[in-house]
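Novice: Okay, here's the structure, questions in a sec.
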Amino acid sequence: MPEGHGEPNKKYMAELKALCMKCRDANNKPTMQVMKDPKVTKNEKGRYSAKGQCSQCGGNMFKFMSEADAKTLM
Ligand SMILES: [Zn+2]
């Protein structure tokens with residue numbers, strides 16, 4: 001019988017991951033890292049994007065977002 005595993009994994013903000021150009025794997029490819037402190041912006045074409053810092057190296061990160069994803073962060 002399973003017991004006590006009923007607690008949902010609640011997060012107030014979705015964890016946003018983006019490719020970090022500085023955190024490279026053994027093949028020298030950029031890796032997906034968690035974006036810290038993402039800020040969502042909308043450009044003049046109505047395109048959403050997020051800017052933040054890599055949680056691993058602190059480098060700047062940038063990612064295009066869908067409108068639906070962007071709104072979960074706003
Ligand atoms: Zn990084």
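Following the order of the structure tokens, first chain is A, next is B, and so on, with residues numbered from 1 inside each chain and ligands from 1 in the order they appear.
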Fewer than 6 positions away in the same chain doesn't count, so skip those; otherwise give me all residues within 9 Å of region 36-48 of chain A, counting only C-alpha atoms, as JSON, numbers by chain.

Specialist: {"A": [15, 16, 17, 54, 55, 58, 61, 62, 63, 64, 65, 66, 67, 69, 70, 71, 73, 74]}

Novice: Suppose we keep C-alpha atoms; can you now write the selection as a tab-separated table (two decimals), in the first residue's frame?

Specialist:
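And here's again-v4.tsv as it stands now:
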chain	number	residue	atom	x	y	z
A	15	GLU	CA	11.17	26.26	-13.71
A	16	LEU	CA	12.43	27.77	-16.88
A	17	LYS	CA	15.26	26.12	-18.70
A	54	CYS	CA	22.15	30.80	-15.68
A	55	SER	CA	21.86	29.16	-12.26
A	58	GLY	CA	25.60	33.25	-13.77
A	61	MET	CA	20.46	33.67	-20.88
A	62	PHE	CA	17.78	34.36	-23.41
A	63	LYS	CA	14.89	32.29	-24.65
A	64	PHE	CA	11.93	32.80	-26.92
A	65	MET	CA	8.67	31.91	-25.20
A	66	SER	CA	5.23	31.01	-26.36
A	67	GLU	CA	2.56	33.40	-25.16
A	69	ASP	CA	4.49	30.00	-21.33
A	70	ALA	CA	5.26	33.67	-20.97
A	71	LYS	CA	2.04	34.28	-19.06
A	73	LEU	CA	5.92	33.78	-15.60
A	74	MET	CA	4.28	37.18	-15.62

Novice: Within 10 Å of ligand 1, which residues show up when you count only C-alpha atoms and all ligand atoms? List them as a list in words, please.

Specialist: Ala18, Leu19, Cys20, Met21, Lys22, Cys23, Arg24, Pro30, Thr31, Met32, Gln33, Val34, Met35, Gln53, Cys54, Ser55, Gln56, Cys57, Gly58, Gly59, Asn60 and Met61 of chain A

Novice: Just list as a PyMOL selection string whatever in chain A DSSP marks as strand (DSSP E or B).

Specialist: chain A and resi 17-24+30-42+48-54+60-65

Novice: Restricting it to N, CA and C atoms, dump the selection as a short mmCIF file (atom, residue, chain, number, x, y, z; two decimals), in the first residue's frame.

Specialist:
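Result went into result.cif, see below:
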data_model
loop_
_atom_site.label_atom_id
_atom_site.label_comp_id
_atom_site.auth_asym_id
_atom_site.auth_seq_id
_atom_site.Cartn_x
_atom_site.Cartn_y
_atom_site.Cartn_z
N LYS A 17 13.93 26.55 -18.26
CA LYS A 17 15.26 26.12 -18.70
C LYS A 17 15.56 26.68 -20.07
N ALA A 18 16.82 26.98 -20.26
CA ALA A 18 17.26 27.49 -21.55
C ALA A 18 18.67 27.00 -21.81
N LEU A 19 19.05 27.08 -23.07
CA LEU A 19 20.41 26.70 -23.42
C LEU A 19 21.39 27.74 -22.90
N CYS A 20 22.41 27.27 -22.19
CA CYS A 20 23.46 28.17 -21.74
C CYS A 20 24.66 28.00 -22.67
N MET A 21 25.08 29.13 -23.23
CA MET A 21 26.20 29.07 -24.18
C MET A 21 27.54 28.88 -23.47
N LYS A 22 27.54 29.08 -22.16
CA LYS A 22 28.80 28.94 -21.42
C LYS A 22 28.94 27.57 -20.78
N CYS A 23 27.82 26.98 -20.39
CA CYS A 23 27.88 25.67 -19.76
C CYS A 23 27.84 24.61 -20.86
N ARG A 24 29.00 24.10 -21.19
CA ARG A 24 29.10 23.15 -22.30
C ARG A 24 29.36 21.74 -21.78
N PRO A 30 26.30 23.55 -26.01
CA PRO A 30 25.59 24.24 -24.93
C PRO A 30 24.60 23.29 -24.26
N THR A 31 24.43 23.44 -22.96
CA THR A 31 23.53 22.55 -22.22
C THR A 31 22.34 23.34 -21.67
N MET A 32 21.26 22.61 -21.40
CA MET A 32 20.09 23.22 -20.81
C MET A 32 20.35 23.46 -19.32
N GLN A 33 20.14 24.68 -18.89
CA GLN A 33 20.30 25.02 -17.47
C GLN A 33 19.10 25.81 -17.00
N VAL A 34 18.88 25.80 -15.71
CA VAL A 34 17.75 26.54 -15.15
C VAL A 34 18.06 28.04 -15.19
N MET A 35 17.08 28.79 -15.68
CA MET A 35 17.22 30.24 -15.72
C MET A 35 16.77 30.85 -14.41
N LYS A 36 17.66 31.61 -13.81
CA LYS A 36 17.35 32.29 -12.57
C LYS A 36 16.73 33.64 -12.86
N ASP A 37 15.74 34.01 -12.07
CA ASP A 37 15.20 35.36 -12.13
C ASP A 37 14.79 35.77 -13.54
N PRO A 38 13.98 34.93 -14.22
CA PRO A 38 13.61 35.25 -15.60
C PRO A 38 12.70 36.47 -15.68
N LYS A 39 12.98 37.30 -16.65
CA LYS A 39 12.13 38.46 -16.90
C LYS A 39 11.57 38.34 -18.31
N VAL A 40 10.24 38.37 -18.37
CA VAL A 40 9.57 38.18 -19.65
C VAL A 40 9.33 39.54 -20.30
N THR A 41 9.69 39.61 -21.56
CA THR A 41 9.42 40.83 -22.31
C THR A 41 8.72 40.47 -23.61
N LYS A 42 8.06 41.45 -24.17
CA LYS A 42 7.35 41.26 -25.43
C LYS A 42 7.90 42.26 -26.42
N TYR A 48 7.15 36.90 -27.38
CA TYR A 48 7.61 36.91 -26.00
C TYR A 48 8.97 36.25 -25.88
N SER A 49 9.74 36.79 -24.98
CA SER A 49 11.02 36.16 -24.67
C SER A 49 11.34 36.36 -23.20
N ALA A 50 12.23 35.54 -22.70
CA ALA A 50 12.64 35.64 -21.30
C ALA A 50 14.14 35.85 -21.23
N LYS A 51 14.52 36.71 -20.30
CA LYS A 51 15.94 36.94 -20.04
C LYS A 51 16.21 36.64 -18.58
N GLY A 52 17.34 36.06 -18.33
CA GLY A 52 17.70 35.78 -16.95
C GLY A 52 19.15 35.36 -16.87
N GLN A 53 19.48 34.78 -15.72
CA GLN A 53 20.86 34.32 -15.53
C GLN A 53 20.89 32.80 -15.35
N CYS A 54 21.93 32.22 -15.86
CA CYS A 54 22.15 30.80 -15.68
C CYS A 54 22.40 30.50 -14.21
N ASN A 60 24.41 35.42 -18.80
CA ASN A 60 23.11 35.85 -19.30
C ASN A 60 22.51 34.78 -20.20
N MET A 61 21.18 34.63 -20.06
CA MET A 61 20.46 33.67 -20.88
C MET A 61 19.28 34.37 -21.54
N PHE A 62 18.87 33.79 -22.64
CA PHE A 62 17.78 34.36 -23.41
C PHE A 62 17.01 33.22 -24.06
N LYS A 63 15.69 33.34 -24.04
CA LYS A 63 14.89 32.29 -24.65
C LYS A 63 13.60 32.85 -25.20
N PHE A 64 13.25 32.44 -26.40
CA PHE A 64 11.93 32.80 -26.92
C PHE A 64 10.88 31.95 -26.22
N MET A 65 9.74 32.57 -25.93
CA MET A 65 8.67 31.91 -25.20
C MET A 65 7.40 31.94 -26.02
#
